[in-house]
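K.L.:
Structure file input-v2.cif, mmCIF, C-alpha atoms, is pasted below:
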```cif
data_query
#
loop_
_atom_site.label_atom_id
_atom_site.label_comp_id
_atom_site.auth_asym_id
_atom_site.auth_seq_id
_atom_site.Cartn_x
_atom_site.Cartn_y
_atom_site.Cartn_z
CA MET A 1 22.33 9.30 0.44
CA SER A 2 23.11 8.44 -3.15
CA ASP A 3 22.05 10.66 -6.00
CA THR A 4 21.42 7.58 -8.19
CA VAL A 5 19.90 4.30 -7.04
CA VAL A 6 19.78 1.01 -8.93
CA VAL A 7 17.09 -1.47 -7.87
CA MET A 8 17.82 -5.04 -8.94
CA ASP A 9 16.04 -8.38 -8.62
CA GLY A 10 17.57 -11.69 -9.61
CA GLY A 11 20.55 -9.92 -11.19
CA LYS A 12 18.31 -7.81 -13.45
CA ILE A 13 17.97 -4.05 -13.21
CA GLN A 14 14.39 -3.07 -12.45
CA GLN A 15 14.87 0.71 -12.26
CA ILE A 16 17.59 3.36 -12.15
CA GLY A 17 16.92 6.87 -10.86
CA THR A 18 17.11 9.31 -8.02
CA PRO A 19 15.71 8.13 -4.67
CA GLU A 20 12.79 10.54 -5.13
CA ASP A 21 12.02 9.31 -8.67
CA ILE A 22 12.09 5.67 -7.63
CA TYR A 23 9.90 6.30 -4.57
CA ASN A 24 7.40 8.54 -6.38
CA GLU A 25 7.29 6.76 -9.75
CA PRO A 26 8.17 3.08 -9.33
CA LYS A 27 8.33 1.12 -12.60
CA ASN A 28 6.75 -2.06 -11.21
CA ALA A 29 5.32 -3.67 -8.07
CA PHE A 30 8.70 -5.06 -7.01
CA VAL A 31 10.30 -1.60 -6.98
CA ALA A 32 7.28 -0.08 -5.20
CA ASP A 33 7.43 -2.71 -2.47
CA PHE A 34 11.24 -2.70 -2.22
CA ILE A 35 11.60 1.06 -1.79
CA GLY A 36 8.87 1.47 0.84
CA GLU A 37 5.52 0.31 2.14
CA SER A 38 2.85 0.40 -0.55
CA ASN A 39 -0.75 -0.47 -1.18
CA ILE A 40 -0.61 -2.08 -4.63
CA LEU A 41 -3.96 -2.69 -6.30
CA ASP A 42 -5.33 -3.96 -9.57
CA GLY A 43 -6.74 -1.16 -11.66
CA ILE A 44 -7.97 -0.29 -15.12
CA MET A 45 -6.78 2.81 -16.93
CA ARG A 46 -10.03 4.24 -18.30
CA ALA A 47 -8.47 7.32 -19.96
CA ASP A 48 -5.47 9.59 -19.57
CA GLY A 49 -5.64 10.82 -15.98
CA VAL A 50 -8.44 8.42 -14.93
CA VAL A 51 -7.88 5.04 -13.26
CA GLU A 52 -10.54 2.71 -11.87
CA ILE A 53 -10.05 0.68 -8.68
CA PHE A 54 -12.81 -1.15 -6.79
CA ASN A 55 -15.29 -0.07 -9.51
CA ARG A 56 -14.67 3.62 -8.73
CA LYS A 57 -12.88 6.14 -10.92
CA PHE A 58 -10.04 8.23 -9.50
CA GLN A 59 -8.22 11.18 -11.02
CA CYS A 60 -4.48 10.59 -11.36
CA LEU A 61 -1.57 12.29 -13.10
CA ASP A 62 -0.55 9.32 -15.26
CA LYS A 63 -0.97 9.28 -19.03
CA GLY A 64 0.09 7.22 -22.02
CA PHE A 65 -1.74 3.98 -21.24
CA GLU A 66 -4.19 2.26 -23.57
CA LYS A 67 -7.88 2.81 -22.87
CA ASP A 68 -9.13 0.07 -20.50
CA GLU A 69 -5.58 -1.28 -19.99
CA PRO A 70 -5.17 -3.39 -16.82
CA VAL A 71 -2.60 -1.72 -14.55
CA ASP A 72 -1.08 -1.85 -11.10
CA VAL A 73 -1.90 1.12 -8.89
CA VAL A 74 0.39 2.18 -6.04
CA ILE A 75 -0.96 4.25 -3.17
CA ARG A 76 1.54 5.03 -0.44
CA PRO A 77 0.24 4.74 3.15
CA GLU A 78 1.05 8.40 3.86
CA ASP A 79 -0.90 9.62 0.80
CA VAL A 80 -4.30 8.54 2.17
CA ASP A 81 -6.48 10.99 4.10
CA ILE A 82 -9.03 9.59 6.54
CA VAL A 83 -12.41 11.34 6.36
CA PRO A 84 -15.89 10.62 7.71
CA GLU A 85 -17.37 7.54 6.02
CA ASP A 86 -20.02 9.51 4.12
CA HIS A 87 -17.34 11.80 2.59
CA GLY A 88 -14.97 9.07 1.41
CA GLN A 89 -14.05 8.01 -2.10
CA LEU A 90 -13.84 4.52 -0.58
CA LYS A 91 -15.27 3.20 2.68
CA GLY A 92 -13.72 0.53 4.89
CA THR A 93 -13.41 -1.00 8.35
CA VAL A 94 -10.39 -0.53 10.62
CA THR A 95 -8.97 -3.95 11.56
CA SER A 96 -5.73 -3.01 13.37
CA VAL A 97 -4.09 0.09 14.86
CA THR A 98 -0.44 0.31 15.94
CA PHE A 99 0.96 3.49 17.50
CA LYS A 100 4.36 4.31 15.94
CA GLY A 101 5.27 7.48 17.85
CA VAL A 102 4.55 10.17 15.24
CA HIS A 103 1.71 8.34 13.50
CA TYR A 104 -0.56 5.31 13.66
CA ASP A 105 -0.18 2.36 11.28
CA THR A 106 -3.83 1.70 10.60
CA ILE A 107 -4.92 -1.40 8.67
CA VAL A 108 -8.24 -0.91 6.88
CA ASP A 109 -10.26 -3.57 5.05
CA PHE A 110 -11.66 -2.37 1.73
CA TYR A 111 -13.72 -5.08 0.05
CA GLY A 112 -11.50 -7.85 1.47
CA PHE A 113 -8.21 -6.13 0.58
CA LYS A 114 -6.23 -4.76 3.52
CA TRP A 115 -4.54 -1.34 3.16
CA LEU A 116 -1.93 0.24 5.36
CA ILE A 117 -2.65 3.88 6.16
CA GLN A 118 -0.15 5.99 8.09
CA THR A 119 -1.99 8.80 9.83
CA THR A 120 -1.93 11.05 12.86
CA ASP A 121 -5.70 10.47 13.21
CA PHE A 122 -6.63 7.73 15.68
CA CYS A 123 -9.44 5.48 14.47
CA PRO A 124 -10.39 2.59 16.77
CA VAL A 125 -10.57 -1.02 15.58
CA ASP A 126 -13.95 -1.88 13.99
CA SER A 127 -14.72 1.76 13.15
CA ARG A 128 -15.99 2.58 9.66
CA ILE A 129 -14.03 5.27 7.83
CA GLY A 130 -13.85 6.95 4.47
CA ILE A 131 -10.68 7.87 2.62
CA LYS A 132 -9.68 10.49 0.06
CA ILE A 133 -6.68 10.31 -2.22
CA ASP A 134 -5.42 13.30 -4.19
CA PRO A 135 -4.48 12.67 -7.85
CA ASP A 136 -0.75 13.01 -7.09
CA GLY A 137 -1.05 10.22 -4.49
CA ILE A 138 -2.05 7.65 -7.11
CA HIS A 139 0.78 6.08 -9.12
CA VAL A 140 -0.09 3.90 -12.10
CA MET A 141 2.29 1.24 -13.44
CA LYS A 142 2.19 -1.27 -16.29
CA LYS A 143 1.42 -4.85 -15.29
CA SER A 144 4.58 -6.95 -14.84
CA GLN A 145 5.75 -10.34 -13.62
CA TYR A 146 5.48 -8.88 -10.09
CA SER A 147 1.80 -7.95 -10.37
CA GLY A 148 -0.31 -9.46 -7.60
CA MET A 149 2.69 -10.31 -5.39
CA PHE A 150 2.68 -7.27 -3.09
CA GLY A 151 0.36 -4.80 -1.43
CA ASP A 152 -2.22 -6.65 0.71
CA TYR A 153 -1.48 -6.19 4.40
CA SER A 154 -3.47 -9.30 5.41
CA SER A 155 -0.16 -11.15 5.75
CA TYR A 156 1.05 -8.59 8.28
CA SER A 157 -1.88 -9.04 10.66
CA GLU A 158 -0.11 -11.77 12.65
CA GLU A 159 3.08 -9.66 12.77
CA TYR A 160 1.13 -6.75 14.29
CA ASP A 161 -0.48 -9.15 16.79
CA GLU A 162 2.96 -10.44 17.85
CA ILE A 163 4.35 -6.92 18.25
CA GLY A 164 1.36 -5.97 20.41
CA ASP A 165 1.56 -9.09 22.65
CA ALA A 166 3.86 -8.24 25.58
CA THR A 167 3.37 -11.73 27.07
CA LEU A 168 4.97 -13.49 24.08
CA GLU A 169 8.47 -14.61 25.07
CA PRO A 170 11.32 -14.36 22.53
CA GLU A 171 11.88 -18.16 22.79
CA GLU A 172 8.24 -18.79 21.86
CA GLU A 173 8.69 -16.62 18.77
CA GLU A 174 11.75 -18.63 17.68
CA GLU A 175 9.96 -21.96 18.26
CA GLU A 176 6.97 -20.78 16.19
CA ARG A 177 9.26 -19.78 13.32
CA ASP A 178 11.11 -23.13 13.47
CA GLU A 179 7.80 -25.01 13.17
CA GLU A 180 6.81 -23.13 9.98
#
```
What does this structure look like when you write it as structure tokens?

P.N.:
Amino acid sequence: MSDTVVVMDGGKIQQIGTPEDIYNEPKNAFVADFIGESNILDGIMRADGVVEIFNRKFQCLDKGFEKDEPVDVVIRPEDVDIVPEDHGQLKGTVTSVTFKGVHYDTIVDFYGFKWLIQTTDFCPVDSRIGIKIDPDGIHVMKKSQYSGMFGDYSSYSEEYDEIGDATLEPEEEEEERDEE
């Protein structure tokens, strides 16, 4: 593995850093999505160390933003803890579960926005859950030209359905792609 990574888009450098720095502190939504799976949300920086998403305030480690500045918030799927609904900072409904060997890829609908959560806890489809996120699991970024382009797992719902459908023949998949 390299000790320095350069992430580029359209011939322009987006970020230079160690793999850990780029993964943990992406500079924009493109980098966050490029380097790994991310839940990328609209937020408002209410104060140093306090960001608001879905009309709820969360403690974070980020500072140096203007008060009430619109921001992008990155929450990695592995940084979300599933808790009973009545103990959650947010509450949502499980819409899809895919077993991945060491964890489940769980898609949860929060207020119409689908999140990917990677967890060892099995939660059946249609169950209501709560989630908790520690301050170091919330990464705040300035808005950029990439804001709003990544993060909602609604587009992956069909992909998960295809993966889970053992009756779908490879030829059918190719024909469906050709039609699109």

K.L.:
Which neighbours of Lys91 in chain A fall inside 8 Å, counting all atoms listed in the file, when residues of the same chain fewer than 4 positions from it are skipped, and could you give them as a list in words?

P.N.:
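The contact residues come out as Glu85, Phe110, Arg128, Ile129, Gly130 and Ile131 of chain A.
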
K.L.:
Kindly give the distance, in Å, that separates CA of Val74 in chain A and CA of Asp33 in chain A, rounded to a single decimal.

P.N.:
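Between CA of Val74 in chain A and CA of Asp33 in chain A the gap is 9.3 Å.
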
K.L.:
Give as a list in words the residues that the PyMOL selection byres ((chain A and resi 103) around 7) matches when applied to the coordinates above.

P.N.:
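Taken over the shown coordinates, the PyMOL selection byres ((chain A and resi 103) around 7) returns Phe99, Lys100, Gly101, Val102, Tyr104, Asp105, Gln118, Thr119 and Thr120 of chain A.
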
K.L.:
Hey, can you check how far CA of Gly137 in chain A sits from CA of Glu52 in chain A?

P.N.:
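Going from CA of Gly137 in chain A over to CA of Glu52 in chain A, I get 14.2 Å.
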
K.L.:
Just to confirm, what's the straight-line distance from CA of Phe58 in chain A to CA of Phe34 in chain A in Å (one decimal)?

P.N.:
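Those two atoms sit 25.0 Å apart.
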
K.L.:
Can you pull out every residue within 8 Å of range 6-17 of chain A, counting all atoms listed in the file, but drop anything in the same chain fewer than 4 positions away, and send it as number ranges by chain?

P.N.:
A: 21-22, 26-28, 31

K.L.:
Quick one: residues within 7 Å of Asp81 in chain A, only C-alpha atoms, excluding same-chain residues fewer than 2 positions away - as a count of residues only?

P.N.:
5

K.L.:
Would you compute an axis-aligned box for range 90-100 of chain A, covering every atom listed for it in the file with 4 Å of margin on each side, and report centre and edge lengths in Å to one decimal as AutoDock Vina command-line options?

P.N.:
```
--center_x -5.5 --center_y 0.3 --center_z 8.5 --size_x 27.6 --size_y 16.5 --size_z 26.1
```

K.L.:
Under the PyMOL selection byres ((chain A and resi 68) around 8), which residues of this model are included? Write them out as a PyMOL selection string.

P.N.:
chain A and resi 44-47+66-67+69-70

K.L.:
Quick one: range 55-72 of chain A with N, CA, C and O atoms, as a compact mmCIF listing (two decimals), keeping the file's coordinate frame?

P.N.:
```txt
# COMPACT_ATOMS: atom_id res chain seq x y z
N ASN A 55 -14.13 -0.57 -8.76
CA ASN A 55 -15.29 -0.07 -9.51
C ASN A 55 -15.57 1.42 -9.28
O ASN A 55 -16.70 1.87 -9.45
N ARG A 56 -14.54 2.17 -8.90
CA ARG A 56 -14.67 3.62 -8.73
C ARG A 56 -13.54 4.29 -9.50
O ARG A 56 -12.41 3.82 -9.50
N LYS A 57 -13.86 5.41 -10.13
CA LYS A 57 -12.88 6.14 -10.92
C LYS A 57 -12.19 7.19 -10.06
O LYS A 57 -12.84 7.89 -9.29
N PHE A 58 -10.87 7.28 -10.23
CA PHE A 58 -10.04 8.23 -9.50
C PHE A 58 -9.23 9.05 -10.50
O PHE A 58 -8.72 8.51 -11.48
N GLN A 59 -9.11 10.33 -10.23
CA GLN A 59 -8.22 11.18 -11.02
C GLN A 59 -6.79 10.87 -10.62
O GLN A 59 -6.49 10.67 -9.45
N CYS A 60 -5.90 10.81 -11.61
CA CYS A 60 -4.48 10.59 -11.36
C CYS A 60 -3.70 11.46 -12.34
O CYS A 60 -4.29 12.12 -13.20
N LEU A 61 -2.39 11.46 -12.22
CA LEU A 61 -1.57 12.29 -13.10
C LEU A 61 -0.98 11.49 -14.26
O LEU A 61 -0.34 12.07 -15.13
N ASP A 62 -1.19 10.18 -14.27
CA ASP A 62 -0.55 9.32 -15.26
C ASP A 62 -1.28 9.34 -16.60
O ASP A 62 -2.51 9.41 -16.67
N LYS A 63 -0.45 9.25 -17.65
CA LYS A 63 -0.97 9.28 -19.03
C LYS A 63 -0.18 8.29 -19.87
O LYS A 63 0.84 7.76 -19.43
N GLY A 64 -0.65 8.05 -21.08
CA GLY A 64 0.09 7.22 -22.02
C GLY A 64 -0.25 5.75 -21.97
O GLY A 64 0.44 4.94 -22.58
N PHE A 65 -1.29 5.37 -21.28
CA PHE A 65 -1.74 3.98 -21.24
C PHE A 65 -2.85 3.80 -22.26
O PHE A 65 -3.53 4.75 -22.65
N GLU A 66 -3.07 2.57 -22.67
CA GLU A 66 -4.19 2.26 -23.57
C GLU A 66 -5.50 2.40 -22.80
O GLU A 66 -5.54 2.17 -21.59
N LYS A 67 -6.56 2.75 -23.51
CA LYS A 67 -7.88 2.81 -22.87
C LYS A 67 -8.26 1.42 -22.39
O LYS A 67 -8.09 0.43 -23.10
N ASP A 68 -8.71 1.32 -21.15
CA ASP A 68 -9.13 0.07 -20.50
C ASP A 68 -7.98 -0.92 -20.28
O ASP A 68 -8.21 -2.12 -20.12
N GLU A 69 -6.74 -0.42 -20.25
CA GLU A 69 -5.58 -1.28 -19.99
C GLU A 69 -5.52 -1.67 -18.51
O GLU A 69 -5.60 -0.81 -17.64
N PRO A 70 -5.39 -2.97 -18.21
CA PRO A 70 -5.17 -3.39 -16.82
C PRO A 70 -3.83 -2.86 -16.34
O PRO A 70 -2.82 -2.92 -17.06
N VAL A 71 -3.80 -2.33 -15.11
CA VAL A 71 -2.60 -1.72 -14.55
C VAL A 71 -2.47 -2.07 -13.07
O VAL A 71 -3.42 -2.57 -12.45
N ASP A 72 -1.29 -1.81 -12.54
CA ASP A 72 -1.08 -1.85 -11.10
C ASP A 72 -1.14 -0.41 -10.60
O ASP A 72 -0.60 0.49 -11.24
```
